[in-house]
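Shown here: my_file-v9.pdb, PDB, C-alpha atoms, pLDDT in the B column.
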```
MODEL        1
ATOM      1  CA  MET Q   1     128.873 113.829  82.399  1.00 40.00           C
ATOM      2  CA  SER Q   2     128.539 110.133  83.241  1.00 41.00           C
ATOM      3  CA  SER Q   3     128.483 107.686  80.364  1.00 41.00           C
ATOM      4  CA  ALA Q   4     126.585 104.428  80.085  1.00 42.00           C
ATOM      5  CA  THR Q   5     129.784 102.552  80.921  1.00 40.00           C
ATOM      6  CA  ASP Q   6     130.667 104.664  83.951  1.00 41.00           C
ATOM      7  CA  PRO Q   7     130.518 102.353  87.002  1.00 41.00           C
ATOM      8  CA  ASP Q   8     129.217 105.162  89.161  1.00 41.00           C
ATOM      9  CA  ALA Q   9     126.368 105.755  86.721  1.00 45.00           C
ATOM     10  CA  HIS Q  10     125.617 102.022  86.733  1.00 46.00           C
ATOM     11  CA  LEU Q  11     125.545 101.964  90.532  1.00 49.00           C
ATOM     12  CA  SER Q  12     123.336 105.040  90.599  1.00 83.00           C
ATOM     13  CA  THR Q  13     120.881 103.383  88.226  1.00 87.00           C
ATOM     14  CA  ALA Q  14     120.930 100.208  90.296  1.00 90.00           C
ATOM     15  CA  GLY Q  15     120.484 102.277  93.433  1.00 91.00           C
ATOM     16  CA  ALA Q  16     117.442 103.988  91.907  1.00 93.00           C
ATOM     17  CA  PHE Q  17     115.977 100.586  90.947  1.00 95.00           C
ATOM     18  CA  PHE Q  18     116.390  99.155  94.434  1.00 94.00           C
ATOM     19  CA  GLY Q  19     115.165 102.444  95.853  1.00 94.00           C
ATOM     20  CA  GLY Q  20     111.958 101.881  93.901  1.00 95.00           C
ATOM     21  CA  MET Q  21     111.689  98.326  95.248  1.00 95.00           C
ATOM     22  CA  ARG Q  22     112.244  99.633  98.771  1.00 95.00           C
ATOM     23  CA  ALA Q  23     109.518 102.232  98.272  1.00 95.00           C
ATOM     24  CA  ALA Q  24     107.181  99.467  97.096  1.00 95.00           C
ATOM     25  CA  ALA Q  25     107.993  97.370 100.157  1.00 94.00           C
ATOM     26  CA  PHE Q  26     106.885 100.183 102.486  1.00 93.00           C
ATOM     27  CA  SER Q  27     103.865 101.224 100.407  1.00 91.00           C
ATOM     28  CA  VAL Q  28     100.362 100.429 101.612  1.00 86.00           C
ATOM     29  CA  PHE Q  29      99.681  99.132  98.114  1.00 89.00           C
ATOM     30  CA  THR Q  30     101.978  96.175  98.751  1.00 92.00           C
ATOM     31  CA  PHE Q  31      99.674  94.925 101.490  1.00 88.00           C
ATOM     32  CA  VAL Q  32      96.651  95.645  99.309  1.00 86.00           C
ATOM     33  CA  LEU Q  33      98.163  93.734  96.378  1.00 90.00           C
ATOM     34  CA  VAL Q  34      99.060  90.740  98.522  1.00 90.00           C
ATOM     35  CA  GLY Q  35      95.481  90.633  99.806  1.00 86.00           C
ATOM     36  CA  SER Q  36      93.965  91.090  96.343  1.00 86.00           C
ATOM     37  CA  TYR Q  37      96.128  88.414  94.777  1.00 91.00           C
ATOM     38  CA  VAL Q  38      95.343  85.993  97.581  1.00 89.00           C
ATOM     39  CA  GLY Q  39      91.811  86.219  96.197  1.00 86.00           C
ATOM     40  CA  ILE Q  40      93.019  85.765  92.620  1.00 89.00           C
ATOM     41  CA  GLY Q  41      95.180  82.774  93.557  1.00 90.00           C
ATOM     42  CA  ALA Q  42      92.265  81.149  95.357  1.00 87.00           C
ATOM     43  CA  LEU Q  43      89.932  81.853  92.423  1.00 87.00           C
ATOM     44  CA  ALA Q  44      92.380  80.297  89.957  1.00 91.00           C
ATOM     45  CA  HIS Q  45      92.738  77.218  92.165  1.00 90.00           C
ATOM     46  CA  ASP Q  46      88.969  76.801  92.346  1.00 86.00           C
ATOM     47  CA  TYR Q  47      88.725  76.866  88.537  1.00 90.00           C
ATOM     48  CA  GLY Q  48      91.482  74.271  88.172  1.00 91.00           C
ATOM     49  CA  PHE Q  49      94.338  76.433  86.860  1.00 93.00           C
ATOM     50  CA  LYS Q  50      97.958  75.621  87.704  1.00 94.00           C
ATOM     51  CA  LEU Q  51     100.008  77.921  89.926  1.00 94.00           C
ATOM     52  CA  SER Q  52     102.600  78.393  87.168  1.00 95.00           C
ATOM     53  CA  TRP Q  53      99.822  79.598  84.854  1.00 95.00           C
ATOM     54  CA  VAL Q  54      98.641  82.099  87.470  1.00 94.00           C
ATOM     55  CA  LEU Q  55     102.134  83.492  88.008  1.00 95.00           C
ATOM     56  CA  LEU Q  56     102.764  83.760  84.263  1.00 95.00           C
ATOM     57  CA  SER Q  57      99.453  85.537  83.641  1.00 93.00           C
ATOM     58  CA  THR Q  58     100.239  87.937  86.494  1.00 93.00           C
ATOM     59  CA  THR Q  59     103.614  88.772  84.943  1.00 94.00           C
ATOM     60  CA  LEU Q  60     102.299  89.201  81.408  1.00 92.00           C
ATOM     61  CA  MET Q  61      99.053  91.023  82.221  1.00 90.00           C
ATOM     62  CA  TRP Q  62      99.698  92.792  85.534  1.00 90.00           C
ATOM     63  CA  ALA Q  63      96.074  93.796  85.945  1.00 86.00           C
ATOM     64  CA  GLY Q  64      94.077  92.226  88.757  1.00 84.00           C
ATOM     65  CA  PRO Q  65      90.566  92.909  87.396  1.00 82.00           C
ATOM     66  CA  ALA Q  66      91.619  91.651  83.954  1.00 86.00           C
ATOM     67  CA  GLN Q  67      92.957  88.473  85.542  1.00 90.00           C
ATOM     68  CA  VAL Q  68      89.664  87.932  87.359  1.00 86.00           C
ATOM     69  CA  ILE Q  69      87.892  88.273  83.995  1.00 84.00           C
ATOM     70  CA  LEU Q  70      90.380  85.930  82.337  1.00 91.00           C
ATOM     71  CA  ILE Q  71      90.132  83.240  85.025  1.00 90.00           C
ATOM     72  CA  SER Q  72      86.356  83.365  85.424  1.00 86.00           C
ATOM     73  CA  ALA Q  73      85.713  83.513  81.667  1.00 86.00           C
ATOM     74  CA  LEU Q  74      88.011  80.619  80.764  1.00 90.00           C
ATOM     75  CA  GLY Q  75      86.887  78.694  83.839  1.00 89.00           C
ATOM     76  CA  THR Q  76      83.235  78.894  82.784  1.00 84.00           C
ATOM     77  CA  GLY Q  77      83.918  77.824  79.190  1.00 87.00           C
ATOM     78  CA  ALA Q  78      83.997  81.129  77.291  1.00 83.00           C
ATOM     79  CA  THR Q  79      85.774  81.135  73.945  1.00 87.00           C
ATOM     80  CA  LEU Q  80      89.260  82.592  73.566  1.00 87.00           C
ATOM     81  CA  PHE Q  81      87.891  85.373  71.347  1.00 87.00           C
ATOM     82  CA  GLU Q  82      85.230  86.390  73.870  1.00 83.00           C
ATOM     83  CA  THR Q  83      87.723  86.244  76.711  1.00 87.00           C
ATOM     84  CA  GLY Q  84      90.305  88.235  74.765  1.00 87.00           C
ATOM     85  CA  MET Q  85      87.783  90.952  73.927  1.00 85.00           C
ATOM     86  CA  ALA Q  86      86.636  91.229  77.548  1.00 81.00           C
ATOM     87  CA  VAL Q  87      90.209  91.425  78.857  1.00 86.00           C
ATOM     88  CA  THR Q  88      91.176  93.988  76.211  1.00 85.00           C
ATOM     89  CA  LEU Q  89      88.217  96.233  77.000  1.00 79.00           C
ATOM     90  CA  SER Q  90      88.987  96.047  80.719  1.00 77.00           C
ATOM     91  CA  ALA Q  91      92.583  97.125  80.009  1.00 81.00           C
ATOM     92  CA  VAL Q  92      91.543 100.269  78.117  1.00 81.00           C
ATOM     93  CA  ARG Q  93      91.357 102.086  81.460  1.00 77.00           C
ATOM     94  CA  PHE Q  94      95.165 101.992  81.647  1.00 85.00           C
ATOM     95  CA  LEU Q  95      95.602 104.144  78.534  1.00 86.00           C
ATOM     96  CA  PRO Q  96      94.909 107.496  80.249  1.00 85.00           C
ATOM     97  CA  MET Q  97      97.094 106.401  83.172  1.00 87.00           C
ATOM     98  CA  VAL Q  98     100.027 105.727  80.858  1.00 92.00           C
ATOM     99  CA  VAL Q  99      99.475 108.976  78.936  1.00 90.00           C
ATOM    100  CA  ALA Q 100      99.447 110.964  82.183  1.00 88.00           C
ATOM    101  CA  LEU Q 101     102.430 109.172  83.720  1.00 92.00           C
ATOM    102  CA  LEU Q 102     104.928 109.063  80.836  1.00 91.00           C
ATOM    103  CA  PRO Q 103     105.663 112.819  80.814  1.00 90.00           C
ATOM    104  CA  LEU Q 104     106.635 112.492  84.477  1.00 92.00           C
ATOM    105  CA  ILE Q 105     109.016 109.595  83.728  1.00 92.00           C
ATOM    106  CA  ARG Q 106     110.447 110.652  80.383  1.00 88.00           C
ATOM    107  CA  GLY Q 107     113.411 113.016  80.406  1.00 81.00           C
ATOM    108  CA  PRO Q 108     115.507 114.657  77.690  1.00 81.00           C
ATOM    109  CA  GLY Q 109     116.903 112.035  75.324  1.00 82.00           C
ATOM    110  CA  THR Q 110     114.840 109.154  76.718  1.00 85.00           C
ATOM    111  CA  ARG Q 111     114.660 106.290  74.212  1.00 88.00           C
ATOM    112  CA  LEU Q 112     111.325 104.717  73.317  1.00 87.00           C
ATOM    113  CA  ARG Q 113     112.462 101.228  74.316  1.00 91.00           C
ATOM    114  CA  ASP Q 114     113.302 102.498  77.796  1.00 92.00           C
ATOM    115  CA  LEU Q 115     109.634 103.346  78.328  1.00 93.00           C
ATOM    116  CA  LEU Q 116     108.279  99.891  77.461  1.00 93.00           C
ATOM    117  CA  LEU Q 117     108.830  98.337  80.887  1.00 94.00           C
ATOM    118  CA  PRO Q 118     107.428 101.269  82.912  1.00 94.00           C
ATOM    119  CA  THR Q 119     104.424 101.248  80.580  1.00 93.00           C
ATOM    120  CA  HIS Q 120     103.870  97.550  81.239  1.00 93.00           C
ATOM    121  CA  PHE Q 121     104.178  98.072  84.998  1.00 94.00           C
ATOM    122  CA  THR Q 122     101.688 100.947  85.001  1.00 93.00           C
ATOM    123  CA  ALA Q 123      98.709 100.018  87.151  1.00 89.00           C
ATOM    124  CA  ALA Q 124      96.651 101.809  89.780  1.00 84.00           C
ATOM    125  CA  SER Q 125      99.244 101.123  92.482  1.00 88.00           C
ATOM    126  CA  MET Q 126     102.271 102.305  90.523  1.00 92.00           C
ATOM    127  CA  TRP Q 127     100.385 105.227  88.992  1.00 90.00           C
ATOM    128  CA  VAL Q 128      99.459 106.698  92.370  1.00 88.00           C
ATOM    129  CA  GLU Q 129     102.853 106.082  93.958  1.00 92.00           C
ATOM    130  CA  CYS Q 130     104.789 107.507  90.985  1.00 93.00           C
ATOM    131  CA  PHE Q 131     102.924 110.797  91.191  1.00 90.00           C
ATOM    132  CA  ARG Q 132     103.707 110.912  94.900  1.00 90.00           C
ATOM    133  CA  LEU Q 133     107.378 109.854  94.782  1.00 93.00           C
ATOM    134  CA  LEU Q 134     108.870 110.707  91.380  1.00 93.00           C
ATOM    135  CA  PRO Q 135     109.033 114.509  91.792  1.00 91.00           C
ATOM    136  CA  SER Q 136     111.849 113.987  94.327  1.00 91.00           C
ATOM    137  CA  VAL Q 137     113.763 111.575  92.021  1.00 91.00           C
ATOM    138  CA  PRO Q 138     116.313 113.021  89.510  1.00 91.00           C
ATOM    139  CA  TRP Q 139     115.100 112.880  85.901  1.00 89.00           C
ATOM    140  CA  GLN Q 140     117.855 110.531  84.747  1.00 89.00           C
ATOM    141  CA  ARG Q 141     116.936 107.952  87.428  1.00 92.00           C
ATOM    142  CA  ARG Q 142     113.144 108.032  87.177  1.00 93.00           C
ATOM    143  CA  ILE Q 143     112.860 105.133  84.742  1.00 94.00           C
ATOM    144  CA  ALA Q 144     115.012 102.891  86.938  1.00 94.00           C
ATOM    145  CA  PHE Q 145     113.069 103.945  90.036  1.00 95.00           C
ATOM    146  CA  SER Q 146     109.737 103.274  88.297  1.00 95.00           C
ATOM    147  CA  ASN Q 147     110.919  99.851  87.155  1.00 96.00           C
ATOM    148  CA  GLY Q 148     111.966  99.016  90.709  1.00 96.00           C
ATOM    149  CA  LEU Q 149     108.638 100.216  92.052  1.00 96.00           C
ATOM    150  CA  GLY Q 150     106.733  98.149  89.487  1.00 96.00           C
ATOM    151  CA  ALA Q 151     108.880  95.069  90.113  1.00 96.00           C
ATOM    152  CA  GLY Q 152     108.271  95.378  93.851  1.00 96.00           C
ATOM    153  CA  PHE Q 153     104.524  95.526  93.358  1.00 96.00           C
ATOM    154  CA  LEU Q 154     104.660  92.605  90.913  1.00 96.00           C
ATOM    155  CA  LEU Q 155     106.552  90.548  93.493  1.00 96.00           C
ATOM    156  CA  ALA Q 156     103.821  91.339  96.021  1.00 95.00           C
ATOM    157  CA  GLY Q 157     101.257  90.051  93.539  1.00 94.00           C
ATOM    158  CA  HIS Q 158     103.190  86.804  93.120  1.00 96.00           C
ATOM    159  CA  VAL Q 159     103.443  86.332  96.883  1.00 96.00           C
ATOM    160  CA  GLY Q 160      99.705  86.839  97.260  1.00 93.00           C
ATOM    161  CA  SER Q 161      98.948  84.436  94.403  1.00 93.00           C
ATOM    162  CA  VAL Q 162     101.030  81.672  95.976  1.00 95.00           C
ATOM    163  CA  ILE Q 163      99.416  82.174  99.390  1.00 92.00           C
ATOM    164  CA  GLY Q 164      95.906  82.220  97.948  1.00 90.00           C
ATOM    165  CA  PHE Q 165      96.511  79.207  95.731  1.00 92.00           C
ATOM    166  CA  PHE Q 166      97.566  76.993  98.629  1.00 90.00           C
ATOM    167  CA  LEU Q 167      94.971  78.366 101.056  1.00 87.00           C
ATOM    168  CA  ALA Q 168      92.103  78.127  98.561  1.00 79.00           C
ATOM    169  CA  ALA Q 169      90.419  75.211 100.306  1.00 72.00           C
ATOM    170  CA  SER Q 170      90.241  77.073 103.628  1.00 78.00           C
ATOM    171  CA  LEU Q 171      89.190  80.528 102.358  1.00 73.00           C
ATOM    172  CA  PRO Q 172      85.447  81.312 102.501  1.00 79.00           C
ATOM    173  CA  ALA Q 173      84.005  82.608  99.228  1.00 75.00           C
ATOM    174  CA  LEU Q 174      82.934  85.856 100.900  1.00 78.00           C
ATOM    175  CA  LEU Q 175      86.474  86.513 102.135  1.00 77.00           C
ATOM    176  CA  THR Q 176      87.877  85.866  98.648  1.00 70.00           C
ATOM    177  CA  ALA Q 177      85.448  88.425  97.196  1.00 72.00           C
ATOM    178  CA  ALA Q 178      86.328  90.935  99.918  1.00 76.00           C
ATOM    179  CA  LEU Q 179      90.042  90.554  99.208  1.00 73.00           C
ATOM    180  CA  LEU Q 180      89.460  91.278  95.504  1.00 68.00           C
ATOM    181  CA  PHE Q 181      87.692  94.493  96.569  1.00 75.00           C
ATOM    182  CA  LEU Q 182      90.821  95.820  98.317  1.00 71.00           C
ATOM    183  CA  THR Q 183      92.422  97.187  95.132  1.00 65.00           C
ATOM    184  CA  PRO Q 184      89.613  99.537  93.994  1.00 71.00           C
ATOM    185  CA  MET Q 185      89.099 100.756  97.563  1.00 73.00           C
ATOM    186  CA  SER Q 186      92.803 101.500  98.077  1.00 63.00           C
ATOM    187  CA  PHE Q 187      92.932 103.293  94.730  1.00 65.00           C
ATOM    188  CA  LEU Q 188      89.967 105.445  95.762  1.00 74.00           C
ATOM    189  CA  VAL Q 189      91.481 106.358  99.132  1.00 71.00           C
ATOM    190  CA  SER Q 190      94.916 107.095  97.634  1.00 64.00           C
ATOM    191  CA  THR Q 191      93.417 109.212  94.859  1.00 70.00           C
ATOM    192  CA  ALA Q 192      91.432 111.207  97.407  1.00 75.00           C
ATOM    193  CA  ARG Q 193      94.550 111.730  99.507  1.00 68.00           C
ATOM    194  CA  ASN Q 194      96.585 112.917  96.509  1.00 65.00           C
ATOM    195  CA  SER Q 195      93.895 115.239  95.105  1.00 71.00           C
ATOM    196  CA  SER Q 196      95.466 118.623  95.790  1.00 69.00           C
ATOM    197  CA  THR Q 197      93.750 120.827  93.199  1.00 79.00           C
ATOM    198  CA  LEU Q 198      90.159 121.934  92.798  1.00 80.00           C
ATOM    199  CA  VAL Q 199      89.743 120.239  89.424  1.00 82.00           C
ATOM    200  CA  SER Q 200      90.949 116.877  90.735  1.00 84.00           C
ATOM    201  CA  ARG Q 201      88.693 117.083  93.789  1.00 87.00           C
ATOM    202  CA  LEU Q 202      85.721 118.036  91.638  1.00 90.00           C
ATOM    203  CA  ALA Q 203      86.376 115.146  89.245  1.00 89.00           C
ATOM    204  CA  LEU Q 204      86.614 112.683  92.131  1.00 88.00           C
ATOM    205  CA  GLY Q 205      83.539 114.018  93.910  1.00 92.00           C
ATOM    206  CA  LEU Q 206      81.410 114.082  90.761  1.00 93.00           C
ATOM    207  CA  GLY Q 207      82.580 110.588  89.864  1.00 91.00           C
ATOM    208  CA  LEU Q 208      81.495 109.253  93.255  1.00 91.00           C
ATOM    209  CA  VAL Q 209      78.018 110.674  92.640  1.00 94.00           C
ATOM    210  CA  ILE Q 210      77.598 109.899  88.938  1.00 93.00           C
ATOM    211  CA  GLY Q 211      79.028 106.357  89.049  1.00 90.00           C
ATOM    212  CA  PRO Q 212      76.406 104.832  91.367  1.00 92.00           C
ATOM    213  CA  VAL Q 213      73.593 106.612  89.493  1.00 93.00           C
ATOM    214  CA  LEU Q 214      74.687 105.152  86.140  1.00 90.00           C
ATOM    215  CA  THR Q 215      75.108 101.732  87.731  1.00 87.00           C
ATOM    216  CA  TYR Q 216      71.633 101.896  89.285  1.00 89.00           C
ATOM    217  CA  PHE Q 217      70.049 102.651  85.905  1.00 90.00           C
ATOM    218  CA  ALA Q 218      72.124  99.879  84.259  1.00 85.00           C
ATOM    219  CA  VAL Q 219      73.827 102.226  81.796  1.00 82.00           C
ATOM    220  CA  GLY Q 220      76.297 100.322  79.629  1.00 76.00           C
ATOM    221  CA  LEU Q 221      80.003 101.174  80.039  1.00 71.00           C
ATOM    222  CA  ASP Q 222      79.096 103.005  83.244  1.00 79.00           C
ATOM    223  CA  LEU Q 223      82.710 103.367  84.416  1.00 74.00           C
ATOM    224  CA  MET Q 224      83.808 104.935  81.139  1.00 76.00           C
ATOM    225  CA  TRP Q 225      80.868 107.340  81.072  1.00 86.00           C
ATOM    226  CA  THR Q 226      81.472 108.263  84.704  1.00 88.00           C
ATOM    227  CA  GLY Q 227      85.037 109.281  83.867  1.00 83.00           C
ATOM    228  CA  ILE Q 228      84.023 111.221  80.770  1.00 87.00           C
ATOM    229  CA  ILE Q 229      81.144 113.093  82.405  1.00 92.00           C
ATOM    230  CA  ALA Q 230      82.845 113.811  85.741  1.00 90.00           C
ATOM    231  CA  GLY Q 231      86.179 114.739  84.175  1.00 89.00           C
ATOM    232  CA  THR Q 232      84.621 116.995  81.536  1.00 92.00           C
ATOM    233  CA  ALA Q 233      82.369 118.730  84.068  1.00 93.00           C
ATOM    234  CA  ALA Q 234      85.267 119.302  86.472  1.00 90.00           C
ATOM    235  CA  TYR Q 235      87.436 120.702  83.686  1.00 90.00           C
ATOM    236  CA  GLY Q 236      84.588 122.968  82.514  1.00 92.00           C
ATOM    237  CA  ILE Q 237      84.045 124.340  86.024  1.00 90.00           C
ATOM    238  CA  HIS Q 238      87.789 124.874  86.391  1.00 86.00           C
ATOM    239  CA  ARG Q 239      87.985 126.835  83.122  1.00 86.00           C
ATOM    240  CA  LEU Q 240      84.849 128.861  83.971  1.00 86.00           C
ATOM    241  CA  ARG Q 241      86.300 129.714  87.357  1.00 83.00           C
ATOM    242  CA  GLY Q 242      89.456 130.982  85.655  1.00 78.00           C
ATOM    243  CA  VAL Q 243      87.468 133.160  83.240  1.00 77.00           C
ATOM    244  CA  LEU Q 244      85.345 134.714  86.029  1.00 75.00           C
ATOM    245  CA  ARG Q 245      88.365 135.696  88.102  1.00 72.00           C
TER
ENDMDL
END
```

Written as structure tokens, that's how I'd like the structure from this file.
Amino acid sequence: MSSATDPDAHLSTAGAFFGGMRAAAFSVFTFVLVGSYVGIGALAHDYGFKLSWVLLSTTLMWAGPAQVILISALGTGATLFETGMAVTLSAVRFLPMVVALLPLIRGPGTRLRDLLLPTHFTAASMWVECFRLLPSVPWQRRIAFSNGLGAGFLLAGHVGSVIGFFLAASLPALLTAALLFLTPMSFLVSTARNSSTLVSRLALGLGLVIGPVLTYFAVGLDLMWTGIIAGTAAYGIHRLRGVLR
């Protein structure tokens, strides 16, 4: 058994990390993130934020929609408390992602501190790609691979932020908005592609129907209610189907 000081084990861990970065480099999400963060960089420039501030907020938050809320709220004069509450509520959506992903990453004897970085990196891009790629990665290298994948995506976000910040003056407002829309659209397409079971397809299909209806009727917390209603209904149909068999 390899120990923590075994050079081969160290190289294997490093290889898994750079394997994750390589997977990020060839993922469609990298192009989506660059495009999305071009919009965020341009938005931050328009509100008078420094590039260093944008890059730091990207590293610490790693959540594009939350950064849009943060930049637009602070840029329009909202208080720190109001901004903090809005950002926190927007980040709640990551909780079920983390809960679903950790059992796939965590192996026998995994320490809690080893899960902190993968948890921080968990976003729509990493969440989808981990479910696609991790099953073929050995258990003992999944944390390193996930960290490499997350670091690769984070680097893509930084690249996009720098490009957008310096191109802000030449980017039309409509293009900036369209670039910010790339992330939710790519998440939708990737989720549809990876939906291999009836319950996941039902949840996605019901969500696509229920979400616009709740939005049309201006129901508060429409995204949360869409997930609860669609997910519960899909699970109920799945269980009923199993009973009737």

Which of Q:Ser195, Q:Thr59, Q:Ser146, Q:Ser200 sits closest to Ala234 (chain Q) [using only C-alpha atoms]: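 Closest to Ala234 (chain Q) of all the choices is Q:Ser200.
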
Within-8 Å shell of (109.6, 112.6, 84.3) in input frame, all atoms listed in the file, as a list in words: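 Neighbouring residues, ordered by chain and number, come to Leu101, Leu102, Pro103, Leu104, Ile105, Arg106, Gly107, Leu134, Pro135, Trp139 and Arg142 of chain Q.
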
Selection near region 157-165 of chain Q, 9 Å with only C-alpha atoms, sequence-local residues under 6 positions removed, as a PyMOL selection string: chain Q and resi 30+33-46+50-51+54-55+58-59+62+64+171+176

Please list, as a PDB file with C-alpha atoms, in the coordinates of the input, the residues that have an atom at most 6 Å away from (83.4, 110.5, 89.0) in the coordinates of this file, counting all atoms listed in the file.
```pdb
ATOM      1  CA  ALA Q 203      86.376 115.146  89.245  1.00 89.00           C
ATOM      2  CA  LEU Q 204      86.614 112.683  92.131  1.00 88.00           C
ATOM      3  CA  LEU Q 206      81.410 114.082  90.761  1.00 93.00           C
ATOM      4  CA  GLY Q 207      82.580 110.588  89.864  1.00 91.00           C
ATOM      5  CA  LEU Q 208      81.495 109.253  93.255  1.00 91.00           C
ATOM      6  CA  ILE Q 210      77.598 109.899  88.938  1.00 93.00           C
ATOM      7  CA  THR Q 226      81.472 108.263  84.704  1.00 88.00           C
ATOM      8  CA  GLY Q 227      85.037 109.281  83.867  1.00 83.00           C
ATOM      9  CA  ALA Q 230      82.845 113.811  85.741  1.00 90.00           C
TER      10      ALA Q 230
END
```

Gap from CA of Thr119 (chain Q) to CA of Arg93 (chain Q) - Å, one decimal: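 Between CA of Thr119 (chain Q) and CA of Arg93 (chain Q) the gap is 13.1 Å.
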
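Closest approach to Thr122 (chain Q) among Q:Leu214, Q:Ala169, Q:Met61, Q:Ile71 is made by Q:Met61 (distances from only C-alpha atoms).
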
Test item: axis-aligned box, all listed atoms of region 128-137 of chain Q, 4 Å on each side, centre and edges in Å rounded to one decimal, as AutoDock Vina command-line options:
```
--center_x 106.6 --center_y 110.3 --center_z 92.9 --size_x 22.3 --size_y 16.4 --size_z 11.9
```

Selected residue, from Q:Val137, Q:Leu244, Q:Ala151, Q:Val189, that lies nearest to Ala16 (chain Q) when counting only C-alpha atoms: Q:Val137

Atomic distance CA of Phe49 (chain Q) - CA of Val68 (chain Q), expressed in Å with one decimal: 12.4 Å

Spatial neighbours of region 124-129 of chain Q, max dist 9 Å, all atoms listed in the file, sep filter under 2 positions, as a VMD selection string: chain Q and resid 23 to 24 27 29 to 30 33 63 94 97 to 98 100 to 101 121 to 122 131 to 134 146 149 to 150 153 183 to 184 186 to 187 190 to 191 194

For CA of Ala86 (chain Q) and CA of Trp225 (chain Q), the interatomic separation in Å (one decimal): 17.5 Å
